[in-house]
Structure formats: structure tokens, C-alpha cells
Amino acid sequence: MATNEAKLINNLFRDIKRVVKNNKINSLHEPYLGNNEKKILNECIKKNEVSSVGRYRQKFEKLISEYTGVKYAVTTSSGTAALHLALKAIGVRNNHEIIVPSLNFVASVNAILYCNAIPHFVDINPNNLGIDPKALEIYLKNIALIKNNKCINKKTNKIIFAVVPVYVFGNSYDIEKLKRVCKKFKLKIIEDSAEALGTFYKKKHAGTFGEAGCLSFNGNKIITTGGGGAVLTNSKKIYEFVKRNIFNGKLKHDYELIYEPNSLNFRMPDINAAIGCAQIKNLNYFLSLKRNLAKRYSKFFKKNNEIFFLKENLFTKSNYWLNTILIRNINLKIRKKIFLKAKKLNIPLRPIWTPLHKNNKLKKFPKSNLKNTNSVFKKIINLPSSAILGK
Ligand SMILES: Cc1ncc(COP(=O)(O)O)c(C=O)c1O
């Protein structure tokens, strides 16, 4: 192994070990559960409130809306279900084109495909890994025109209906700028803020800028309900649609049971919501531990010219869900060596998702120039990031 390469790899693992101190790393982002969760679960069982009957779902929704500052929060069975429902709620339908970053988890694209719509891939800003609004504007100017108040793709003749930006690893992008571009091109926004509970842009919570935002409470997220998600919105219409459609389209009636067809069961069970109630009480504590951990990583990597630690941008507050480094001169060989060594040392590292436009089944969909996506994805490594490690 060339000496520089060996030095880079050895120093990387040395620094990770120094940062996490004596804390045991069990996974990339393990849940932080304690006595409150045990107590609340016992209560659920004692009262037989584990499924659709119970108080905790409503309580958890209130706590989420208070924390994020939105009028309405509706819990769902997963973040993916939240995305699917939010897209349906704003009227996404057959052949609508929906803009998403290619450097992205597949959930929003799956939700788009389940609406029979078409994902349309765009590039990111390497400084925050979110959609680059400026590049998007230039791209839309080239490929789209506004006709009858709708954004039409000149090549495909289809309506470009919405954008689903993502807060990657809890980092915020310039959402205000993106909103301006979307307004100009008549596009709706559903924010994939699955990874961004506790992330703010100019003191406003992630997922509260567009028509709706979606959270995930999967086991690896900053707070967990075991599995679950939520739709955030200030729109009564979206709220009512989502509320009805998490429950097989059940219509309001004093006693009759009437359901609107074409809807599924996306409810969060009460037992999961109960864990959420206990977890969200510790959210600020988790955020402070995660900030400590990020500060320590940042300090160590400051001395390293080869490694760039991704920090929150101006005007934004990251939840530092997953700490992220970019290795400047990495190639696929070094990358492989790093991940194999991590396995050997039992240090959980993670690459970012392979860009979606490279996926065999997604290659056919429209895309912009993806130069940043193509160059950045190989450089990214996620470091162990559990709140517990920030102690
Ligand atoms: C960016 C992003 N979007 C959507 C999701 C989907 O959330 P869930 O796993 O709760 O369905 C996740 C979770 O892994 C995610 O990271």
C-alpha cells in the first residue's frame, strides 16, 4: 500500500477512536432508550392501549407539532408512507414529473412511482448535499415552459408538478432560494425531512417550508418509535386527506362505517407512538450530545488536509444526524480498503447511497447534468454518530 494511502487510512481510524473515547460503538446510529420508554410501554400494556385504541398517537402528534411549529402533524407507519401520502395529498398523479435529487434514499422515488408519476433527477450542492436551487433554475429555464399556470417539460410534454428536496443526513440546504425557484416555475414542494428532526433553517424547522414535510422515526433516526413517520403541514386540506388515508379512507360519521376506496392502512400503532412520546422529551438532550460529537470530529479532522468534515452552513442548524466526511483524493480502490478495514476493526462506517440515476431500473428517467452527484458520492463516508457517543 502506498505510504500516503496507508497513512490516510490509519489516521482516519485513529481519529474515530479518539473521538468516540471509551464509548462502545454498536452501530452507525443506535437508538438511545431508557427508563421512560420502559415505563410508558408498561403503561400501554397495563391499559391495553397498544394498537388503534389509545391516547399516545394523539399526544405524540401534538408534541411533534409543538416542536416543529406546524399546525398539524399526522403520524404514519413509516417515513416512506408519509412521503406517499403527502404526494397523494397534493394531487400527484399519472405521468406527473417530480423533481428529486439523484443523491438520495430510494423512499421518495418509490413513493413517486407508487403514484404512477415519474422521478426526474437533479444535481446537488456539494457543500450541503441538498438540491442546488441555482442549478435547478438554470436547468428548468432550459427544459421547461409555463403554460396555463403549469410547468411543462418541453421534451416530454408532461407536467413537472413538484419537487421533493431532501435534508441529507440532517443538513439543511438553501430552502428559501429553492422556494423562490419553485414559485417561479409553479412547482409544489414536499420536503423529505426524514433525517432532519431537530434541523433548522433560519430558526424554522425542516419540513415546514413546503406544502408538507415528512419525518421518519425508524430505529436509526434521532428519535425512534421502532418504526414510523409523520406528515407535517400547515394546510387543513392536506391534514384531512392524510388523516383519512392512514385509515383505509374512513369517512367521518357518528356511527356508520363508510370508507373511501383506494386507500391503505398507514396508521402508527399506539404502542409505537408511546415510545415516541418518551423519546421526544429527550430530543434536545440527544441534539446536544450529537453536537458535542460533531464538534469533536470536526476538531480532529481540521488537522487533516485530505479529509473535509461536513459542517452546517450559514443560517442553518444541523441535527448532525450522521456525521459525514468527504475524502478529497479518494479513488475506488482506497474507498474499498477503508470499508474493508472498518469491517475488520468492527467500526461501522457507511457510504452514501449509490446515485439513483445509476440504478438499472431508474436509468431511463429524465435527468439534469449530475456532475456534483457523480463526483461527490464516491468521496462520502458516514461516521459512527449515535448520541450516546457524544457523552
Ligand atoms: C432521506 C430518507 N427518506 C425517507 C426515508 C424513509 O423512512 P422510513 O424508513 O421510516 O420509511 C428515510 C429513512 O430511512 C430516509 O433516510
# chains A, B, ... in the order shown; residues from 1 in each chain; ligands from 1

call {"tool": "residues_near_ligand", "arguments": {"ligand": "ligand 1", "cutoff": "7 Å", "atoms": "only C-alpha atoms and all ligand atoms", "output": "PyMOL selection string"}}
result
chain A and resi 78-81+104-105+107-108+166-168+192-195+216-218+227-229

call {"tool": "closest_atom_pairs", "arguments": {"of": "range 214-297 of chain A", "to": "range 317-328 of chain A", "cutoff": "10 Å", "atoms": "only C-alpha atoms", "output": "JSON lines"}}
result
{"residue": "A:Asn220", "atom": "CA", "partner": "A:Trp321", "partner_atom": "CA", "distance": 9.3}
{"residue": "A:Lys221", "atom": "CA", "partner": "A:Trp321", "partner_atom": "CA", "distance": 7.3}
{"residue": "A:Ile222", "atom": "CA", "partner": "A:Trp321", "partner_atom": "CA", "distance": 6.3}
{"residue": "A:Asn284", "atom": "CA", "partner": "A:Asn319", "partner_atom": "CA", "distance": 9.8}
{"residue": "A:Phe286", "atom": "CA", "partner": "A:Asn319", "partner_atom": "CA", "distance": 9.1}
{"residue": "A:Leu287", "atom": "CA", "partner": "A:Asn319", "partner_atom": "CA", "distance": 6.1}
{"residue": "A:Ser288", "atom": "CA", "partner": "A:Asn319", "partner_atom": "CA", "distance": 8.8}
{"residue": "A:Leu289", "atom": "CA", "partner": "A:Tyr320", "partner_atom": "CA", "distance": 9.9}
{"residue": "A:Lys290", "atom": "CA", "partner": "A:Tyr320", "partner_atom": "CA", "distance": 6.2}
{"residue": "A:Arg291", "atom": "CA", "partner": "A:Tyr320", "partner_atom": "CA", "distance": 6.6}
{"residue": "A:Asn292", "atom": "CA", "partner": "A:Tyr320", "partner_atom": "CA", "distance": 9.8}
{"residue": "A:Leu293", "atom": "CA", "partner": "A:Asn323", "partner_atom": "CA", "distance": 8.5}
{"residue": "A:Ala294", "atom": "CA", "partner": "A:Asn323", "partner_atom": "CA", "distance": 6.5}
{"residue": "A:Lys295", "atom": "CA", "partner": "A:Tyr320", "partner_atom": "CA", "distance": 10.0}
{"residue": "A:Tyr297", "atom": "CA", "partner": "A:Asn323", "partner_atom": "CA", "distance": 8.1}

call {"tool": "write_last_selection", "arguments": {"atoms": "C-alpha atoms", "output": "mmCIF file, in the first residue's frame"}}
result
data_model
loop_
_atom_site.group_PDB
_atom_site.id
_atom_site.type_symbol
_atom_site.label_atom_id
_atom_site.label_comp_id
_atom_site.auth_asym_id
_atom_site.auth_seq_id
_atom_site.Cartn_x
_atom_site.Cartn_y
_atom_site.Cartn_z
ATOM 1 C CA ASN A 220 -31.720 4.545 13.231
ATOM 2 C CA LYS A 221 -33.177 8.074 13.392
ATOM 3 C CA ILE A 222 -32.521 10.767 16.010
ATOM 4 C CA ASN A 284 -32.906 18.386 22.943
ATOM 5 C CA PHE A 286 -29.837 13.989 22.084
ATOM 6 C CA LEU A 287 -29.217 17.047 19.911
ATOM 7 C CA SER A 288 -26.713 18.444 22.385
ATOM 8 C CA LEU A 289 -24.839 15.111 22.597
ATOM 9 C CA LYS A 290 -24.760 14.877 18.825
ATOM 10 C CA ARG A 291 -23.442 18.428 18.560
ATOM 11 C CA ASN A 292 -20.655 17.515 21.036
ATOM 12 C CA LEU A 293 -19.733 14.523 18.913
ATOM 13 C CA ALA A 294 -19.742 16.582 15.696
ATOM 14 C CA LYS A 295 -17.512 19.212 17.344
ATOM 15 C CA TYR A 297 -14.924 15.013 14.875
#

call {"tool": "select_by_dssp", "arguments": {"residues": "range 69-265 of chain A", "states": "strand (DSSP E)", "output": "PyMOL selection string"}}
result
chain A and resi 72-76+97-101+118-122+144-147+150-153+160-163+188-192+200-201+204-205+212-216+229-233

call {"tool": "select_by_dssp", "arguments": {"residues": "range 334-381 of chain A", "states": "helix (DSSP H, G or I)", "output": "JSON, numbers by chain"}}
result
{"A": [334, 335, 336, 337, 338, 339, 340, 341, 342, 343, 344, 345, 356, 357, 358, 371, 372, 373, 374, 375, 376]}

call {"tool": "write_last_selection", "arguments": {"atoms": "C-alpha atoms", "output": "mmCIF file, in the first residue's frame"}}
result
data_model
loop_
_atom_site.group_PDB
_atom_site.id
_atom_site.type_symbol
_atom_site.label_atom_id
_atom_site.label_comp_id
_atom_site.auth_asym_id
_atom_site.auth_seq_id
_atom_site.Cartn_x
_atom_site.Cartn_y
_atom_site.Cartn_z
ATOM 1 C CA ILE A 334 -8.868 3.388 -1.390
ATOM 2 C CA ARG A 335 -12.596 3.537 -0.709
ATOM 3 C CA LYS A 336 -12.810 -0.247 -0.776
ATOM 4 C CA LYS A 337 -9.798 -0.555 1.554
ATOM 5 C CA ILE A 338 -11.414 1.838 4.045
ATOM 6 C CA PHE A 339 -14.689 -0.081 4.180
ATOM 7 C CA LEU A 340 -12.937 -3.460 4.427
ATOM 8 C CA LYS A 341 -10.718 -2.217 7.240
ATOM 9 C CA ALA A 342 -13.755 -0.804 9.041
ATOM 10 C CA LYS A 343 -15.348 -4.244 8.894
ATOM 11 C CA LYS A 344 -12.212 -5.854 10.285
ATOM 12 C CA LEU A 345 -11.980 -3.333 13.123
ATOM 13 C CA LEU A 356 -30.419 6.798 -8.182
ATOM 14 C CA HIS A 357 -29.862 7.700 -11.843
ATOM 15 C CA LYS A 358 -27.264 4.890 -11.909
ATOM 16 C CA LYS A 371 -21.647 16.396 -12.209
ATOM 17 C CA ASN A 372 -21.610 17.117 -8.460
ATOM 18 C CA THR A 373 -23.574 13.983 -7.652
ATOM 19 C CA ASN A 374 -21.221 11.858 -9.740
ATOM 20 C CA SER A 375 -18.070 13.257 -8.176
ATOM 21 C CA VAL A 376 -19.203 13.604 -4.567
#

call {"tool": "atom_distance", "arguments": {"atom1": "CA of Lys155 in chain A", "atom2": "CA of Ile143 in chain A"}}
result
6.8 Å

call {"tool": "closest_residue", "arguments": {"among": "A:Ile330, A:Phe377, A:Arg267, A:Lys186", "to": "Asn125 in chain A", "atoms": "only C-alpha atoms"}}
result
A:Phe377

call {"tool": "residues_around", "arguments": {"residues": "Leu389 in chain A", "least_positions_apart": "2", "cutoff": "7 Å", "atoms": "only C-alpha atoms", "output": "list in words"}}
result
Val20, Asn23, Leu293, Ser385, Ser386, Ala387 and Lys391 of chain A
